[in-house]
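Remarks on the structure that follows.
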Amino acid sequence: MRAGFITTSRRAGKREEKIREQSGHAENSPAFWGYIREADKWTDAASEDIGL
């Protein structure tokens, strides 16, 4: 559930520190940053909005 919350919050544009505050992850948590990277993976993708 935390992974879904973190990725969904990030995709909705929520700030990292606010997400961490609610999820209970430490600032240097590898798991937290893995979820953030997953959420950011398709942000501003080269294929976005080109009709493919």
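In the structure tokens, chains take the letters A, B, ... in the order shown, each chain's residues start at 1, and ligands count up from 1 in the order shown.
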
Neighbour list for Thr43 in chain A as a PyMOL selection string, cut-off 12 Å, only C-alpha atoms, skip fewer than 4 positions in-chain: chain A and resi 7+10-13+36-39+47-49

Alpha helix (DSSP H) positions in chain A, given as a PyMOL selection string: chain A and resi 2-11+16-23+30-40

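The environment of Ile6 in chain A within 9 Å, counting only C-alpha atoms and disregarding residues fewer than 2 places along the same chain, consists of Met1, Arg2, Ala3, Gly4, Thr8, Ser9, Arg10, Arg11, Glu16, Ile19, Arg20, Ser23, Phe32, Tyr35, Ile36 and Ala39 of chain A.
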
Straight-line distance linking CA of Glu17 in chain A with CA of Phe5 in chain A, stated in Å to one decimal: 13.8 Å

Gap from CA of Lys14 in chain A to CA of Ala45 in chain A - Å, one decimal: 19.1 Å

Between CA of Arg15 in chain A and CA of Trp42 in chain A - distance in Å to one decimal: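 Computed distance, CA of Trp42 in chain A to CA of Arg15 in chain A, equals 17.4 Å.
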